[in-house]
Amino acid sequence: MNFGLKLWSTNADVIDKAACLIKEDVFQYIELTPIPNTEIYPFLKQDVPYVIHITTERHGFNIADESKWDFNIQVIDECIEWADKLNAKYLVLHPGFGSINKSLDFLQMINDDRILIENMPKVGLYDEQMIGYWPEQIESLMGSKFGLCLDLNHAVKAAISLGLNYKDFILEFMELNPCYFHIADGRLNYEKDEHLAIGEGEYDFEFLKNLMKFASNAQVTFETPRMDLNSFSDDIRNMNILNQISANS
């Protein structure tokens, strides 16, 4: 199992520190989100493995919104260009909010088989109705072209919204053979996305870790808070806690 550090292209000031942790094999790759109007150059200087997370709805990206399709195509093309230059293994894609049929139509225009569709919570931070919270929805979005990034936190939140047992719900997602995971902790009485440090919420990480151990060549990115933006000590602590859980399971 390989662990990744999450960065945005606005974090160029810490890329050298992140690269050192990867060269020391503390972490194995960087998941990088390109933000519009930022430069790739600082990241090209480091010869480390990358995964690209395509720019999200925080920056106006939403593949379910037909009125934004030209913008969406531009964003994806730019992210693919970053992925090509950085030799990224995957591109992670949010399926948006609104009409799943519009998302499906949009995905017909995209032909990069490195793309992984990420599952979402049912309810967005601003009460949006998200797409891709059911395994069946994700399967249709994946089609025959794309893989799955299983965001375990999103799956738990969707299960809460639906009144389902989150462990059984995640097992349904596992049938879609995810190769890539996002993890964070959270509460079991709150349906919206949150990113707590491992151990600060209520998730059963022995269960979650054992699931990921059975995934083929799993890559796992921490989506947990970083109190000091110039340090990765919180990421290291979260990884150590997760490894201890694994050792004791």
# chains A, B, ... in the order shown; residues from 1 in each chain; ligands from 1
>>> select_by_dssp(residues="range 2-209 of chain A", states="strand (DSSP E)", output="PyMOL selection string")
chain A and resi 2-8+29-33+50-53+91-93+115-118+147-151+180-183
>>> write_last_selection(atoms="N, CA, C and O atoms", output="CSV table (one decimal), in the first residue's frame")
chain,number,residue,atom,x,y,z
A,2,ASN,N,0.6,2.2,-0.9
A,2,ASN,CA,1.4,3.4,-1.0
A,2,ASN,C,0.5,4.6,-0.5
A,2,ASN,O,-0.7,4.7,-0.8
A,3,PHE,N,1.2,5.5,0.2
A,3,PHE,CA,0.6,6.6,0.8
A,3,PHE,C,1.0,7.9,0.1
A,3,PHE,O,2.2,8.1,-0.2
A,4,GLY,N,0.0,8.8,-0.1
A,4,GLY,CA,0.2,10.1,-0.8
A,4,GLY,C,0.0,11.3,0.0
A,4,GLY,O,-0.8,11.3,0.9
A,5,LEU,N,0.7,12.4,-0.3
A,5,LEU,CA,0.6,13.7,0.2
A,5,LEU,C,-0.3,14.5,-0.7
A,5,LEU,O,-0.1,14.6,-1.9
A,6,LYS,N,-1.3,15.2,-0.1
A,6,LYS,CA,-2.2,16.0,-0.9
A,6,LYS,C,-1.6,17.5,-1.0
A,6,LYS,O,-1.4,18.1,0.1
A,7,LEU,N,-1.5,18.0,-2.2
A,7,LEU,CA,-1.0,19.4,-2.4
A,7,LEU,C,-1.9,20.0,-3.4
A,7,LEU,O,-2.5,19.4,-4.3
A,8,TRP,N,-1.9,21.4,-3.4
A,8,TRP,CA,-2.5,22.2,-4.4
A,8,TRP,C,-1.3,22.9,-5.1
A,8,TRP,O,-0.2,23.1,-4.5
A,29,TYR,N,4.0,9.3,-3.1
A,29,TYR,CA,3.6,10.1,-4.3
A,29,TYR,C,2.9,11.3,-3.7
A,29,TYR,O,2.6,11.5,-2.5
A,30,ILE,N,2.7,12.3,-4.7
A,30,ILE,CA,2.0,13.5,-4.4
A,30,ILE,C,0.7,13.6,-5.2
A,30,ILE,O,0.7,13.3,-6.4
A,31,GLU,N,-0.4,13.8,-4.6
A,31,GLU,CA,-1.7,14.1,-5.3
A,31,GLU,C,-1.8,15.6,-5.4
A,31,GLU,O,-1.9,16.3,-4.4
A,32,LEU,N,-1.7,16.1,-6.6
A,32,LEU,CA,-1.6,17.6,-6.8
A,32,LEU,C,-2.9,18.1,-7.6
A,32,LEU,O,-3.2,17.5,-8.6
A,33,THR,N,-3.5,19.1,-7.0
A,33,THR,CA,-4.6,19.8,-7.7
A,33,THR,C,-4.1,21.1,-8.4
A,33,THR,O,-3.7,22.0,-7.7
A,50,TYR,N,3.5,11.5,-9.3
A,50,TYR,CA,2.4,12.4,-9.1
A,50,TYR,C,1.1,11.7,-9.5
A,50,TYR,O,1.0,10.9,-10.4
A,51,VAL,N,0.0,12.1,-8.9
A,51,VAL,CA,-1.4,11.9,-9.3
A,51,VAL,C,-2.0,13.3,-9.4
A,51,VAL,O,-1.8,14.2,-8.5
A,52,ILE,N,-2.8,13.6,-10.4
A,52,ILE,CA,-3.5,14.9,-10.6
A,52,ILE,C,-4.9,14.7,-10.1
A,52,ILE,O,-5.6,13.8,-10.6
A,53,HIS,N,-5.3,15.6,-9.2
A,53,HIS,CA,-6.7,15.7,-8.9
A,53,HIS,C,-7.3,16.9,-9.7
A,53,HIS,O,-6.8,18.1,-9.5
A,91,LEU,N,-5.7,10.7,-13.0
A,91,LEU,CA,-6.4,12.0,-12.8
A,91,LEU,C,-7.7,11.7,-12.1
A,91,LEU,O,-8.5,10.9,-12.6
A,92,VAL,N,-7.9,12.3,-11.0
A,92,VAL,CA,-9.1,12.1,-10.2
A,92,VAL,C,-10.1,13.1,-10.5
A,92,VAL,O,-9.8,14.3,-10.5
A,93,LEU,N,-11.4,12.7,-10.7
A,93,LEU,CA,-12.4,13.6,-11.2
A,93,LEU,C,-13.7,13.6,-10.3
A,93,LEU,O,-14.2,12.5,-10.1
A,115,ILE,N,-8.3,8.6,-16.0
A,115,ILE,CA,-9.3,9.2,-15.2
A,115,ILE,C,-9.9,8.2,-14.2
A,115,ILE,O,-10.4,7.2,-14.6
A,116,LEU,N,-10.0,8.6,-13.0
A,116,LEU,CA,-10.7,7.9,-11.9
A,116,LEU,C,-11.9,8.8,-11.5
A,116,LEU,O,-11.7,9.9,-11.1
A,117,ILE,N,-13.1,8.2,-11.5
A,117,ILE,CA,-14.3,8.9,-11.0
A,117,ILE,C,-14.3,8.8,-9.5
A,117,ILE,O,-14.2,7.7,-8.9
A,118,GLU,N,-14.5,9.9,-8.8
A,118,GLU,CA,-14.5,9.9,-7.3
A,118,GLU,C,-16.0,9.9,-6.8
A,118,GLU,O,-16.8,10.7,-7.3
A,147,GLY,N,-11.7,4.4,-14.1
A,147,GLY,CA,-11.6,3.7,-12.9
A,147,GLY,C,-12.3,4.4,-11.8
A,147,GLY,O,-13.0,5.4,-12.0
A,148,LEU,N,-12.1,3.9,-10.5
A,148,LEU,CA,-12.7,4.5,-9.3
A,148,LEU,C,-11.7,4.9,-8.3
A,148,LEU,O,-10.8,4.2,-7.9
A,149,CYS,N,-11.9,6.2,-7.9
A,149,CYS,CA,-11.3,6.7,-6.6
A,149,CYS,C,-12.3,6.6,-5.5
A,149,CYS,O,-13.3,7.3,-5.6
A,150,LEU,N,-12.1,5.7,-4.6
A,150,LEU,CA,-13.1,5.5,-3.5
A,150,LEU,C,-12.7,6.4,-2.4
A,150,LEU,O,-11.7,6.1,-1.6
A,151,ASP,N,-13.5,7.4,-2.2
A,151,ASP,CA,-13.3,8.3,-1.1
A,151,ASP,C,-14.2,7.7,0.1
A,151,ASP,O,-15.4,7.8,0.1
A,180,TYR,N,-7.6,3.3,-5.9
A,180,TYR,CA,-7.2,4.5,-5.3
A,180,TYR,C,-8.2,5.0,-4.2
A,180,TYR,O,-9.4,4.9,-4.4
A,181,PHE,N,-7.7,5.5,-3.1
A,181,PHE,CA,-8.5,5.8,-2.0
A,181,PHE,C,-8.2,7.2,-1.4
A,181,PHE,O,-7.0,7.6,-1.4
A,182,HIS,N,-9.2,7.9,-0.9
A,182,HIS,CA,-9.1,9.1,-0.1
A,182,HIS,C,-9.5,8.7,1.3
A,182,HIS,O,-10.6,8.0,1.4
A,183,ILE,N,-8.8,9.1,2.4
A,183,ILE,CA,-9.3,8.8,3.7
A,183,ILE,C,-9.2,10.0,4.6
A,183,ILE,O,-8.3,10.9,4.4
>>> atom_distance(atom1="CA of Tyr133 in chain A", atom2="CA of Met120 in chain A")
4.8 Å
>>> residues_around(residues="Asp16 in chain A", least_positions_apart="3", cutoff="12 Å", atoms="only C-alpha atoms", output="PyMOL selection string")
chain A and resi 7+11-13+19-23+30+42-48+230-232
>>> write_last_selection(atoms="C-alpha atoms", output="PDB file, in the first residue's frame")
ATOM      1  CA  LEU A   7      -1.010  19.369  -2.361  1.00  0.00           C
ATOM      2  CA  ASN A  11       1.707  25.024  -2.340  1.00  0.00           C
ATOM      3  CA  ALA A  12       4.859  25.479  -4.416  1.00  0.00           C
ATOM      4  CA  ASP A  13       6.670  26.750  -1.317  1.00  0.00           C
ATOM      5  CA  ALA A  19       9.688  15.632  -2.342  1.00  0.00           C
ATOM      6  CA  CYS A  20      12.214  14.873   0.417  1.00  0.00           C
ATOM      7  CA  LEU A  21       9.618  12.780   2.258  1.00  0.00           C
ATOM      8  CA  ILE A  22       8.954  10.834  -0.919  1.00  0.00           C
ATOM      9  CA  LYS A  23      12.642  10.308  -1.697  1.00  0.00           C
ATOM     10  CA  ILE A  30       1.977  13.527  -4.392  1.00  0.00           C
ATOM     11  CA  PRO A  42       8.057  24.280  -9.318  1.00  0.00           C
ATOM     12  CA  PHE A  43       6.580  20.780  -9.508  1.00  0.00           C
ATOM     13  CA  LEU A  44       8.450  19.818 -12.652  1.00  0.00           C
ATOM     14  CA  LYS A  45      11.722  20.402 -10.795  1.00  0.00           C
ATOM     15  CA  GLN A  46      11.020  17.408  -8.542  1.00  0.00           C
ATOM     16  CA  ASP A  47      11.306  13.939 -10.041  1.00  0.00           C
ATOM     17  CA  VAL A  48       8.673  12.235  -7.891  1.00  0.00           C
ATOM     18  CA  ASN A 230       4.650  24.596   6.172  1.00  0.00           C
ATOM     19  CA  SER A 231       4.942  21.168   7.782  1.00  0.00           C
ATOM     20  CA  PHE A 232       3.822  17.615   7.026  1.00  0.00           C
TER      21      PHE A 232
END
>>> closest_residue(among="A:Glu200, A:Asp235, A:Glu139, A:Asp77", to="Ile110 in chain A", atoms="only C-alpha atoms")
A:Asp77
>>> select_by_dssp(residues="range 36-105 of chain A", states="helix (DSSP H, G or I)", output="VMD selection string")
chain A and resid 41 to 44 57 to 59 66 to 86 100 to 105
>>> residues_around(residues="Ala159 in chain A", least_positions_apart="5", cutoff="10 Å", atoms="only C-alpha atoms", output="list of chain:residue names")
A:Pro121, A:Lys122, A:Tyr133, A:Trp134, A:Asn153, A:His154, A:Leu164, A:Asn165, A:Tyr166, A:Lys167, A:Asp168, A:Phe169, A:Ile170, A:Leu188, A:Glu191
>>> write_last_selection(atoms="N, CA, C and O atoms", output="mmCIF file, in the first residue's frame")
data_model
loop_
_atom_site.group_PDB
_atom_site.id
_atom_site.type_symbol
_atom_site.label_atom_id
_atom_site.label_comp_id
_atom_site.auth_asym_id
_atom_site.auth_seq_id
_atom_site.Cartn_x
_atom_site.Cartn_y
_atom_site.Cartn_z
ATOM 1 N N PRO A 121 -20.390 12.528 -1.410
ATOM 2 C CA PRO A 121 -21.498 12.460 -0.443
ATOM 3 C C PRO A 121 -22.804 12.781 -1.154
ATOM 4 O O PRO A 121 -22.799 13.282 -2.287
ATOM 5 N N LYS A 122 -23.921 12.498 -0.520
ATOM 6 C CA LYS A 122 -25.210 12.805 -1.153
ATOM 7 C C LYS A 122 -25.491 14.305 -1.142
ATOM 8 O O LYS A 122 -26.029 14.855 -2.103
ATOM 9 N N TYR A 133 -23.069 9.318 -5.538
ATOM 10 C CA TYR A 133 -23.043 8.862 -4.146
ATOM 11 C C TYR A 133 -23.509 7.420 -4.007
ATOM 12 O O TYR A 133 -23.270 6.794 -2.977
ATOM 13 N N TRP A 134 -24.188 6.897 -5.018
ATOM 14 C CA TRP A 134 -24.585 5.482 -5.045
ATOM 15 C C TRP A 134 -23.569 4.683 -5.863
ATOM 16 O O TRP A 134 -23.084 5.157 -6.892
ATOM 17 N N ASN A 153 -14.465 8.601 3.191
ATOM 18 C CA ASN A 153 -15.224 9.588 3.958
ATOM 19 C C ASN A 153 -16.517 9.951 3.236
ATOM 20 O O ASN A 153 -17.591 10.005 3.857
ATOM 21 N N HIS A 154 -16.450 10.174 1.933
ATOM 22 C CA HIS A 154 -17.658 10.476 1.160
ATOM 23 C C HIS A 154 -18.657 9.326 1.235
ATOM 24 O O HIS A 154 -19.877 9.561 1.323
ATOM 25 N N LEU A 164 -28.217 4.168 5.877
ATOM 26 C CA LEU A 164 -27.687 2.820 5.669
ATOM 27 C C LEU A 164 -26.481 2.562 6.568
ATOM 28 O O LEU A 164 -25.822 3.490 7.029
ATOM 29 N N ASN A 165 -26.178 1.293 6.774
ATOM 30 C CA ASN A 165 -24.968 0.901 7.482
ATOM 31 C C ASN A 165 -23.766 1.224 6.602
ATOM 32 O O ASN A 165 -23.657 0.725 5.477
ATOM 33 N N TYR A 166 -22.863 2.060 7.082
ATOM 34 C CA TYR A 166 -21.787 2.534 6.207
ATOM 35 C C TYR A 166 -20.830 1.417 5.806
ATOM 36 O O TYR A 166 -20.249 1.461 4.714
ATOM 37 N N LYS A 167 -20.662 0.414 6.654
ATOM 38 C CA LYS A 167 -19.745 -0.665 6.304
ATOM 39 C C LYS A 167 -20.295 -1.495 5.149
ATOM 40 O O LYS A 167 -19.570 -1.820 4.193
ATOM 41 N N ASP A 168 -21.576 -1.825 5.221
ATOM 42 C CA ASP A 168 -22.199 -2.563 4.116
ATOM 43 C C ASP A 168 -22.172 -1.734 2.832
ATOM 44 O O ASP A 168 -21.954 -2.267 1.738
ATOM 45 N N PHE A 169 -22.391 -0.434 2.969
ATOM 46 C CA PHE A 169 -22.417 0.462 1.807
ATOM 47 C C PHE A 169 -21.043 0.511 1.141
ATOM 48 O O PHE A 169 -20.932 0.435 -0.096
ATOM 49 N N ILE A 170 -19.992 0.621 1.932
ATOM 50 C CA ILE A 170 -18.642 0.659 1.369
ATOM 51 C C ILE A 170 -18.294 -0.659 0.690
ATOM 52 O O ILE A 170 -17.621 -0.675 -0.351
ATOM 53 N N LEU A 188 -20.393 10.255 12.848
ATOM 54 C CA LEU A 188 -21.414 9.371 12.286
ATOM 55 C C LEU A 188 -22.825 9.932 12.453
ATOM 56 O O LEU A 188 -23.796 9.234 12.135
ATOM 57 N N GLU A 191 -23.993 14.460 8.042
ATOM 58 C CA GLU A 191 -23.972 13.929 6.677
ATOM 59 C C GLU A 191 -23.087 14.700 5.707
ATOM 60 O O GLU A 191 -22.811 14.212 4.616
#
>>> residues_around(residues="Glu66 in chain A", least_positions_apart="4", cutoff="10 Å", atoms="only C-alpha atoms", output="count of residues only")
9
>>> closest_residue(among="A:Ala18, A:Ala64, A:Asn189, A:Met174", to="Asn210 in chain A", atoms="only C-alpha atoms")
A:Met174
>>> residues_around(residues="Phe61 in chain A", least_positions_apart="3", cutoff="12 Å", atoms="only C-alpha atoms", output="VMD selection string")
chain A and resid 35 to 36 54 to 58 64 to 76 93 to 97 103
>>> write_last_selection(atoms="N, CA, C and O atoms", output="CSV table (one decimal), in the first residue's frame")
chain,number,residue,atom,x,y,z
A,35,ILE,N,-4.5,24.6,-9.6
A,35,ILE,CA,-5.5,25.7,-9.5
A,35,ILE,C,-5.3,26.7,-10.6
A,35,ILE,O,-4.2,26.9,-11.1
A,36,PRO,N,-6.4,27.2,-11.2
A,36,PRO,CA,-6.3,28.1,-12.4
A,36,PRO,C,-5.3,29.2,-12.1
A,36,PRO,O,-5.2,29.8,-11.0
A,54,ILE,N,-8.2,16.7,-10.6
A,54,ILE,CA,-8.7,17.7,-11.5
A,54,ILE,C,-9.4,18.8,-10.6
A,54,ILE,O,-10.1,18.4,-9.6
A,55,THR,N,-9.2,20.0,-10.9
A,55,THR,CA,-9.8,21.2,-10.2
A,55,THR,C,-11.3,20.9,-10.0
A,55,THR,O,-12.0,20.3,-10.8
A,56,THR,N,-11.7,21.3,-8.8
A,56,THR,CA,-13.0,21.0,-8.3
A,56,THR,C,-14.0,22.1,-8.4
A,56,THR,O,-13.7,23.2,-8.9
A,57,GLU,N,-15.2,21.8,-7.9
A,57,GLU,CA,-16.3,22.8,-7.9
A,57,GLU,C,-16.0,24.1,-7.1
A,57,GLU,O,-16.6,25.1,-7.3
A,58,ARG,N,-15.0,24.0,-6.2
A,58,ARG,CA,-14.6,25.2,-5.5
A,58,ARG,C,-14.1,26.3,-6.5
A,58,ARG,O,-14.1,27.5,-6.1
A,64,ALA,N,-21.7,18.5,-14.6
A,64,ALA,CA,-23.1,18.3,-14.7
A,64,ALA,C,-23.8,19.6,-15.2
A,64,ALA,O,-25.0,19.6,-15.5
A,65,ASP,N,-23.1,20.7,-15.3
A,65,ASP,CA,-23.7,22.0,-15.7
A,65,ASP,C,-23.3,22.2,-17.1
A,65,ASP,O,-22.2,22.6,-17.5
A,66,GLU,N,-24.3,22.1,-18.0
A,66,GLU,CA,-24.1,22.2,-19.4
A,66,GLU,C,-23.6,23.6,-19.8
A,66,GLU,O,-22.8,23.7,-20.8
A,67,SER,N,-24.0,24.6,-19.1
A,67,SER,CA,-23.6,25.9,-19.4
A,67,SER,C,-22.1,26.2,-19.2
A,67,SER,O,-21.6,27.2,-19.6
A,68,LYS,N,-21.5,25.3,-18.4
A,68,LYS,CA,-20.1,25.4,-18.1
A,68,LYS,C,-19.2,24.4,-18.9
A,68,LYS,O,-18.0,24.3,-18.6
A,69,TRP,N,-19.8,23.8,-19.9
A,69,TRP,CA,-19.0,22.7,-20.5
A,69,TRP,C,-17.7,23.2,-21.2
A,69,TRP,O,-16.7,22.6,-21.2
A,70,ASP,N,-17.8,24.4,-21.8
A,70,ASP,CA,-16.6,24.9,-22.5
A,70,ASP,C,-15.5,25.2,-21.4
A,70,ASP,O,-14.3,24.8,-21.6
A,71,PHE,N,-15.9,25.8,-20.3
A,71,PHE,CA,-14.9,26.0,-19.2
A,71,PHE,C,-14.4,24.6,-18.6
A,71,PHE,O,-13.2,24.5,-18.4
A,72,ASN,N,-15.4,23.7,-18.5
A,72,ASN,CA,-15.0,22.4,-17.9
A,72,ASN,C,-13.9,21.7,-18.8
A,72,ASN,O,-13.0,21.1,-18.4
A,73,ILE,N,-14.2,21.7,-20.1
A,73,ILE,CA,-13.2,21.1,-21.1
A,73,ILE,C,-11.9,21.8,-21.0
A,73,ILE,O,-10.8,21.1,-21.0
A,74,GLN,N,-11.9,23.1,-20.9
A,74,GLN,CA,-10.6,23.9,-20.7
A,74,GLN,C,-9.9,23.4,-19.5
A,74,GLN,O,-8.7,23.2,-19.5
A,75,VAL,N,-10.6,23.3,-18.4
A,75,VAL,CA,-10.0,22.9,-17.1
A,75,VAL,C,-9.4,21.5,-17.2
A,75,VAL,O,-8.2,21.2,-16.8
A,76,ILE,N,-10.2,20.5,-17.8
A,76,ILE,CA,-9.7,19.2,-17.9
A,76,ILE,C,-8.5,19.1,-18.9
A,76,ILE,O,-7.5,18.4,-18.6
A,93,LEU,N,-11.4,12.7,-10.7
A,93,LEU,CA,-12.4,13.6,-11.2
A,93,LEU,C,-13.7,13.6,-10.3
A,93,LEU,O,-14.2,12.5,-10.1
A,94,HIS,N,-14.1,14.7,-9.9
A,94,HIS,CA,-15.4,14.8,-9.2
A,94,HIS,C,-16.5,14.9,-10.3
A,94,HIS,O,-16.5,15.6,-11.3
A,95,PRO,N,-17.6,14.1,-10.1
A,95,PRO,CA,-18.7,14.0,-11.1
A,95,PRO,C,-19.7,15.1,-11.0
A,95,PRO,O,-20.6,15.2,-11.8
A,96,GLY,N,-19.5,16.1,-10.0
A,96,GLY,CA,-20.3,17.3,-10.0
A,96,GLY,C,-21.6,17.2,-9.2
A,96,GLY,O,-21.9,16.2,-8.5
A,97,PHE,N,-22.5,18.1,-9.4
A,97,PHE,CA,-23.8,18.2,-8.8
A,97,PHE,C,-24.9,18.7,-9.8
A,97,PHE,O,-24.6,19.5,-10.6
A,103,SER,N,-23.8,14.8,-16.7
A,103,SER,CA,-22.4,14.4,-16.4
A,103,SER,C,-22.1,13.2,-17.3
A,103,SER,O,-21.0,13.2,-17.8
>>> atom_distance(atom1="CA of Gln137 in chain A", atom2="CA of Phe207 in chain A")
24.0 Å
>>> residues_around(residues="Asn238 in chain A", least_positions_apart="6", cutoff="9 Å", atoms="only C-alpha atoms", output="ChimeraX atom specification")
/A:197-199,222,224
>>> write_last_selection(atoms="C-alpha atoms", output="short mmCIF file (atom, residue, chain, number, x, y, z; two decimals), in the first residue's frame")
data_model
loop_
_atom_site.label_atom_id
_atom_site.label_comp_id
_atom_site.auth_asym_id
_atom_site.auth_seq_id
_atom_site.Cartn_x
_atom_site.Cartn_y
_atom_site.Cartn_z
CA ALA A 197 -7.60 13.72 11.57
CA ILE A 198 -7.47 9.96 11.96
CA GLY A 199 -8.77 9.11 15.43
CA PHE A 222 -4.78 11.50 3.32
CA THR A 224 -6.79 15.34 6.77
#
>>> closest_residue(among="A:Gly186, A:Asn111, A:Tyr41, A:Lys17", to="Lys85 in chain A", atoms="only C-alpha atoms")
A:Tyr41
